[in-house]
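Asks: Below is a structure I'd like to ask you about.
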Amino acid sequence: MAAPHFSINKVIRKKISLFANYSVGFKPPVSSYFYITVPAVATTPPTPASGSLNEKLQPEKGTQIEFGARGEILQNKLSFEVIRFHTLFRNKMTAIAVSSPLSPNTTLYSYMVNGGTQIHNGLELTIKYTAYESSWGALRMLRPFFNLTSNQFTYGDNFIIEKSATLKEDYSHKAVAAVAKYVVNAGIDFVFNKGLSGNLTYNYRDKMPITSLNDFYTQSFHLLNAKLSYRKDIGQHVQLDLSYGINNITGTKHFLMVFANQLPEIGRAHV
C-alpha cells in the first residue's frame with residue numbers, strides 16, 4: 001500500500017506563515033489478529049472457534065488534510081498557532097467478544113473485524129503572550145498562555161458491528177469512545193530575579209463516552225495547579241534546582257485513566 005505525504009508552506013510576512021498538509025497512512029493487522037482467539041480457561045459448551053482463521057480482515061487506511069497558520073506578532077510578544085484538520089479512516093478494526101448463551105458474562109472467544117468509516121474533525125489553537133519583560137527589578141517576565149483542542153470525532157454511516165448471529169450494534173454517527181470534545185489548558189508563567197520562577201495552570205477536560213454506543217460517559221472536570229521553582233549556579237559545574245508544586249488545588253474528583261470498550265473478563269461481570 002502507498003502512503004504519500006505532501007506539504008506546502010507559504011511565508012506571508014517575516015514571522016507569519018500559512019501551511020497545508022495532505023497525507024495517507026495505513027495500519028496492517030498484527031499477526032495475532034489473524035486468529036480467532038479462545039480463552040485459556042475451559043468454557044461450557046466448548047467453543048467451535050479454536051484454530052479458526054480470521055480471513056476477511058483488511059488493513060485500516062487513513063487520509064488526513066490539515067491547514068493552518070503560525071507566527072509571531074506585536075513585536076514578537078504574541079506567538080500563535082492554529083490548525084484545522086480532517087481525517088477519514090476506512091476499515092477501522094474493532095474487537096468483538098462473543099459471549100456464552102449460558103453465561104452472558106463469560107467470553108467464549110474474541111476476534112477482530114473491520115467496521116465502517118470514522119471521521120475526525122478538529123481544531124487546535126495555541127497562544128502565548130509576553131505581557132511583561134524586563135532585565136531589572138523583582139519581576140523579570142510575565143507570560144500568560146492558552147491552548148484549546150476541539151475534537152469532533154464520529155463514526156460514519158452504516159457503522160454496524162455484528163456481535164453475534166442475533167446481536168448487532170449500530171455506532172453510526174455516534175461520538176468516538178475515549179475522546180473528549182473539548183480540552184482547554186491555560187495559565188501564566190512568571191520569572192523573578194535571583195532564580196525564582198513559577199506558574200499557575202488551569203485544565204478543563206470535557207466529558208467523553210467510554211463505549212462506542214455512548215451509553216456511559218465520564219464526567220467533565222476542572223483542575224488548578226501551581227508550581228514554584230528556585231535555580232542557582234553553585235560554582236562552574238554544580239547547579240541547585242528546587243521545586244515545590246501543588247496539584248489539584250481545589251480537590252476536584254476526576255479520573256486518572258480510562259479503559260474504553262474493554263473485552264469482558266472470563267467469568268466476571270462488567271464493573
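The way I read the labels, and the way they are meant: chains A, B, ... in the order of the C-alpha cells, residue 1 as the first residue of every chain, and ligand 1 as the first ligand shown, with later ones counted on from there.
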If you count only C-alpha atoms, which residues fall within 9 Å of A:Leu123, apart from same-chain ones fewer than 3 positions away, as JSON, numbers by chain?

Replies: {"A": [82, 83, 84, 85, 148, 149, 150, 151, 152]}

Asks: Could the residues in this selection be written to a file with C-alpha atoms, as a PDB file, in the first residue's frame?

Replies:
```pdb
ATOM      1  CA  VAL A  82      -3.948  27.435  14.727  1.00  0.00           C
ATOM      2  CA  ILE A  83      -4.558  24.130  12.916  1.00  0.00           C
ATOM      3  CA  ARG A  84      -7.706  22.728  11.357  1.00  0.00           C
ATOM      4  CA  PHE A  85      -7.722  19.070  10.345  1.00  0.00           C
ATOM      5  CA  LEU A 148      -7.665  24.705  23.037  1.00  0.00           C
ATOM      6  CA  THR A 149      -8.376  21.392  21.333  1.00  0.00           C
ATOM      7  CA  SER A 150     -11.777  20.768  19.780  1.00  0.00           C
ATOM      8  CA  ASN A 151     -12.468  17.185  18.704  1.00  0.00           C
ATOM      9  CA  GLN A 152     -15.493  16.324  16.613  1.00  0.00           C
TER      10      GLN A 152
END
```

Asks: Which residues, written as an MDAnalysis selection string, have at least one atom at most 8 Å from stretch 21-31 of chain A, with only C-alpha atoms counted and residues fewer than 6 positions away on the same chain left out?

Replies: chainID A and resid 1:8 57:67

Asks: Leaving out A:Val176 and any residue of its chain fewer than 5 positions from it, which residues lie within 9 Å of it when counting only C-alpha atoms, given as JSON, numbers by chain?

Replies: {"A": [118, 119, 120, 152, 153, 154, 155, 171, 208, 209, 210, 211, 212, 213, 214]}

Asks: For each of A:Arg90, A:Arg140, A:Lys194, A:His254, take the minimum atom-to-atom distance to A:Asp157, counting only C-alpha atoms, then give the residue where this is smallest.

Replies: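 Looking only at the distances to A:Asp157, the closest residue turns out to be A:Arg90.
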
Asks: With distances taken over only C-alpha atoms, which of A:Leu242, A:Ala180, A:Ala186, A:Ile16 is nearest to A:Glu72?

Replies: A:Ile16

Asks: I'd like the neighbourhood of A:Tyr132 as JSON, numbers by chain, where a residue qualifies if any of its atoms comes within 9 Å (using only C-alpha atoms), though same-chain residues fewer than 3 positions away should be ignored.

Replies: {"A": [129, 139, 140, 141, 142, 143]}

Asks: Take the residues from that selection and put them in a file with C-alpha atoms, as a PDB file, in the first residue's frame.

Replies:
```pdb
ATOM      1  CA  TYR A 129       1.772  36.404  25.092  1.00  0.00           C
ATOM      2  CA  LEU A 139       9.676  40.749  38.294  1.00  0.00           C
ATOM      3  CA  ARG A 140      11.519  39.835  35.091  1.00  0.00           C
ATOM      4  CA  MET A 141       8.864  38.151  32.937  1.00  0.00           C
ATOM      5  CA  LEU A 142       5.117  37.529  32.896  1.00  0.00           C
ATOM      6  CA  ARG A 143       3.708  35.294  30.135  1.00  0.00           C
TER       7      ARG A 143
END
```

Asks: Compile the contact shell of stretch 107-115 of chain A as a VMD selection string: residues with an atom at most 6 Å away, counting only C-alpha atoms, same-chain residues fewer than 2 positions apart removed.

Replies: chain A and resid 36 to 38 91 to 100 159 266

Asks: Kindly export the residues of the current selection with N, CA, C and O atoms, as a PDB file, in the first residue's frame.

Replies:
```
ATOM      1  N   ILE A  36      -8.899 -16.310  15.494  1.00  0.00           N
ATOM      2  CA  ILE A  36      -9.990 -16.125  16.446  1.00  0.00           C
ATOM      3  C   ILE A  36      -9.535 -16.751  17.750  1.00  0.00           C
ATOM      4  O   ILE A  36      -9.347 -17.967  17.844  1.00  0.00           O
ATOM      5  N   THR A  37      -9.308 -15.913  18.748  1.00  0.00           N
ATOM      6  CA  THR A  37      -8.675 -16.373  19.976  1.00  0.00           C
ATOM      7  C   THR A  37      -9.689 -16.933  20.957  1.00  0.00           C
ATOM      8  O   THR A  37     -10.795 -16.424  21.102  1.00  0.00           O
ATOM      9  N   VAL A  38      -9.288 -17.986  21.638  1.00  0.00           N
ATOM     10  CA  VAL A  38     -10.125 -18.665  22.622  1.00  0.00           C
ATOM     11  C   VAL A  38      -9.476 -18.507  23.983  1.00  0.00           C
ATOM     12  O   VAL A  38      -8.263 -18.653  24.115  1.00  0.00           O
ATOM     13  N   ASN A  91     -12.205   1.053   7.139  1.00  0.00           N
ATOM     14  CA  ASN A  91     -11.937  -0.298   7.629  1.00  0.00           C
ATOM     15  C   ASN A  91     -11.360  -0.293   9.047  1.00  0.00           C
ATOM     16  O   ASN A  91     -10.430  -1.038   9.357  1.00  0.00           O
ATOM     17  N   LYS A  92     -11.919   0.548   9.918  1.00  0.00           N
ATOM     18  CA  LYS A  92     -11.451   0.573  11.301  1.00  0.00           C
ATOM     19  C   LYS A  92     -11.595  -0.801  11.942  1.00  0.00           C
ATOM     20  O   LYS A  92     -12.637  -1.447  11.832  1.00  0.00           O
ATOM     21  N   MET A  93     -10.536  -1.252  12.592  1.00  0.00           N
ATOM     22  CA  MET A  93     -10.557  -2.568  13.235  1.00  0.00           C
ATOM     23  C   MET A  93     -11.168  -2.466  14.638  1.00  0.00           C
ATOM     24  O   MET A  93     -10.822  -1.563  15.405  1.00  0.00           O
ATOM     25  N   THR A  94     -12.065  -3.374  14.935  1.00  0.00           N
ATOM     26  CA  THR A  94     -12.792  -3.366  16.199  1.00  0.00           C
ATOM     27  C   THR A  94     -12.802  -4.767  16.790  1.00  0.00           C
ATOM     28  O   THR A  94     -12.970  -5.755  16.059  1.00  0.00           O
ATOM     29  N   ALA A  95     -12.607  -4.878  18.104  1.00  0.00           N
ATOM     30  CA  ALA A  95     -12.612  -6.180  18.772  1.00  0.00           C
ATOM     31  C   ALA A  95     -14.040  -6.622  19.059  1.00  0.00           C
ATOM     32  O   ALA A  95     -14.865  -5.842  19.528  1.00  0.00           O
ATOM     33  N   ILE A  96     -14.335  -7.883  18.784  1.00  0.00           N
ATOM     34  CA  ILE A  96     -15.639  -8.472  19.056  1.00  0.00           C
ATOM     35  C   ILE A  96     -15.464  -9.599  20.068  1.00  0.00           C
ATOM     36  O   ILE A  96     -14.623 -10.482  19.894  1.00  0.00           O
ATOM     37  N   ALA A  97     -16.234  -9.545  21.137  1.00  0.00           N
ATOM     38  CA  ALA A  97     -16.217 -10.614  22.134  1.00  0.00           C
ATOM     39  C   ALA A  97     -17.543 -11.366  22.058  1.00  0.00           C
ATOM     40  O   ALA A  97     -18.607 -10.765  22.170  1.00  0.00           O
ATOM     41  N   VAL A  98     -17.481 -12.658  21.847  1.00  0.00           N
ATOM     42  CA  VAL A  98     -18.684 -13.487  21.743  1.00  0.00           C
ATOM     43  C   VAL A  98     -18.947 -14.128  23.104  1.00  0.00           C
ATOM     44  O   VAL A  98     -18.094 -14.849  23.642  1.00  0.00           O
ATOM     45  N   SER A  99     -20.117 -13.853  23.657  1.00  0.00           N
ATOM     46  CA  SER A  99     -20.458 -14.350  24.993  1.00  0.00           C
ATOM     47  C   SER A  99     -21.142 -15.707  24.925  1.00  0.00           C
ATOM     48  O   SER A  99     -21.774 -16.064  23.921  1.00  0.00           O
ATOM     49  N   SER A 100     -21.058 -16.434  26.004  1.00  0.00           N
ATOM     50  CA  SER A 100     -21.717 -17.728  26.103  1.00  0.00           C
ATOM     51  C   SER A 100     -23.222 -17.523  26.268  1.00  0.00           C
ATOM     52  O   SER A 100     -23.640 -16.672  27.061  1.00  0.00           O
ATOM     53  N   PHE A 159     -22.062   2.150  10.344  1.00  0.00           N
ATOM     54  CA  PHE A 159     -21.016   1.537  11.160  1.00  0.00           C
ATOM     55  C   PHE A 159     -21.713   0.551  12.098  1.00  0.00           C
ATOM     56  O   PHE A 159     -21.969   0.831  13.264  1.00  0.00           O
ATOM     57  N   ILE A 266     -12.973 -13.192  31.764  1.00  0.00           N
ATOM     58  CA  ILE A 266     -13.548 -14.530  31.753  1.00  0.00           C
ATOM     59  C   ILE A 266     -14.274 -14.798  33.074  1.00  0.00           C
ATOM     60  O   ILE A 266     -13.699 -14.694  34.159  1.00  0.00           O
TER      61      ILE A 266
END
```

Asks: Mind the document's chain letters and residue numbers, and return as a PyMOL selection string the residues of stretch 97-140 of chain A that DSSP labels strand (DSSP E or B).

Replies: chain A and resi 97-99+107-114+118-129+132-133+139-140

Asks: Find the residues around A:Ser17 up to 9 Å (only C-alpha atoms counted), leave out those fewer than 5 positions away in its own chain, and share them as an mmCIF file with N, CA, C and O atoms, in the first residue's frame.

Replies:
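New file part_2.cif:
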```
data_model
loop_
_atom_site.group_PDB
_atom_site.id
_atom_site.type_symbol
_atom_site.label_atom_id
_atom_site.label_comp_id
_atom_site.auth_asym_id
_atom_site.auth_seq_id
_atom_site.Cartn_x
_atom_site.Cartn_y
_atom_site.Cartn_z
ATOM 1 N N ASN A 9 4.256 25.248 2.487
ATOM 2 C CA ASN A 9 4.363 26.306 3.495
ATOM 3 C C ASN A 9 4.620 27.627 2.782
ATOM 4 O O ASN A 9 5.526 27.725 1.946
ATOM 5 N N LYS A 10 3.827 28.635 3.102
ATOM 6 C CA LYS A 10 3.950 29.940 2.472
ATOM 7 C C LYS A 10 4.201 31.000 3.534
ATOM 8 O O LYS A 10 3.373 31.201 4.432
ATOM 9 N N VAL A 11 5.353 31.659 3.461
ATOM 10 C CA VAL A 11 5.676 32.743 4.376
ATOM 11 C C VAL A 11 5.079 34.028 3.817
ATOM 12 O O VAL A 11 5.459 34.477 2.729
ATOM 13 N N ILE A 12 4.131 34.621 4.544
ATOM 14 C CA ILE A 12 3.484 35.831 4.044
ATOM 15 C C ILE A 12 4.071 37.093 4.677
ATOM 16 O O ILE A 12 3.958 38.174 4.132
ATOM 17 N N GLY A 68 -3.348 25.486 8.355
ATOM 18 C CA GLY A 68 -3.312 26.392 9.488
ATOM 19 C C GLY A 68 -2.335 27.523 9.289
ATOM 20 O O GLY A 68 -1.827 27.768 8.182
ATOM 21 N N ALA A 69 -2.063 28.213 10.378
ATOM 22 C CA ALA A 69 -1.150 29.352 10.363
ATOM 23 C C ALA A 69 -0.392 29.396 11.673
ATOM 24 O O ALA A 69 -0.892 28.960 12.715
ATOM 25 N N ARG A 70 0.820 29.929 11.622
ATOM 26 C CA ARG A 70 1.622 30.114 12.833
ATOM 27 C C ARG A 70 2.493 31.354 12.651
ATOM 28 O O ARG A 70 2.794 31.763 11.521
ATOM 29 N N GLY A 71 2.872 31.943 13.777
ATOM 30 C CA GLY A 71 3.733 33.098 13.660
ATOM 31 C C GLY A 71 3.850 33.883 14.943
ATOM 32 O O GLY A 71 3.367 33.466 16.011
#
```

Asks: Choose the residue, out of A:Phe216, A:Pro144, A:Ser135, A:His86, that has the smallest atom-to-atom separation from A:Ala175; count only C-alpha atoms.

Replies: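 Once distances to A:Ala175 are computed over only C-alpha atoms, the minimum belongs to A:Phe216.
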